[in-house]
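What follows is a single structure, written as structure tokens, with notes after it.
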Amino acid sequence: MKQNWRMRYEDRANYGSHFILHTKILLKWESFEFFAEAKNLLDTSYEEIDSIPAPGRWALIGLCLSMFSPK
């Protein structure tokens, strides 16, 4: 099992400044990889493109299956 964190601070001239925090947890078992990911944990309001708001806090869970192992 492993977890990673990503933090990003942006200070942009036309869009202001903001701090974004993401995390992802991975659990590997045989050929399976389970994951849970959360983006924008602080629910920061910001715009990547003028007048288009970026999504707020959101989460994703999933399962990956590896049928072939690399040699």
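In the structure tokens, the first chain shown is A, the next is B, and so on; residue numbers restart at 1 for each chain, and ligands run from 1 in the order shown.
Around range 60-67 of chain A, within 10 Å and counting only C-alpha atoms, the residues found are Lys24, Ile25, Leu26, Leu27, Lys28, Trp29, Glu30, Ser31, Phe32, Glu33, Phe34, Phe35, Ala36, Glu37, Ala38, Lys39, Trp58, Ser69 and Pro70 of chain A, once anything fewer than 2 positions away on its own chain is removed.
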Take the residues from that selection and put them in a file with C-alpha atoms, as a tab-separated table (two decimals), in the first residue's frame.
```
chain	number	residue	atom	x	y	z
A	24	LYS	CA	-4.01	9.16	-4.01
A	25	ILE	CA	-3.93	5.82	-2.18
A	26	LEU	CA	-2.89	2.61	-3.99
A	27	LEU	CA	-3.27	-0.97	-2.81
A	28	LYS	CA	-1.71	-3.73	-4.93
A	29	TRP	CA	-2.70	-7.37	-4.60
A	30	GLU	CA	-1.52	-9.96	-7.13
A	31	SER	CA	-2.72	-8.66	-10.54
A	32	PHE	CA	-5.06	-6.07	-9.03
A	33	GLU	CA	-4.50	-2.45	-8.12
A	34	PHE	CA	-7.19	-0.67	-6.12
A	35	PHE	CA	-7.05	3.11	-5.82
A	36	ALA	CA	-8.85	6.03	-4.25
A	37	GLU	CA	-8.03	9.56	-5.34
A	38	ALA	CA	-9.20	12.94	-4.06
A	39	LYS	CA	-8.56	16.19	-5.93
A	58	TRP	CA	-14.00	15.58	-6.13
A	69	SER	CA	3.38	-8.84	-16.52
A	70	PRO	CA	6.31	-6.96	-18.11
```
Practice prompt. Considering only C-alpha atoms, return as a ChimeraX atom specification whatever protein or nucleic-acid residues lie within 8 Å of range 12-23 of chain A, sequence-local ones (same chain, fewer than 2 positions apart) excluded.
Written response: /A:3-10,25,37-42,44-48,50
If you run DSSP on the backbone here, which positions in chain A get strand (DSSP E or B)? Please write them as number ranges by chain. A: 2-12, 16-29, 32-39, 47-49, 52-53, 58-65
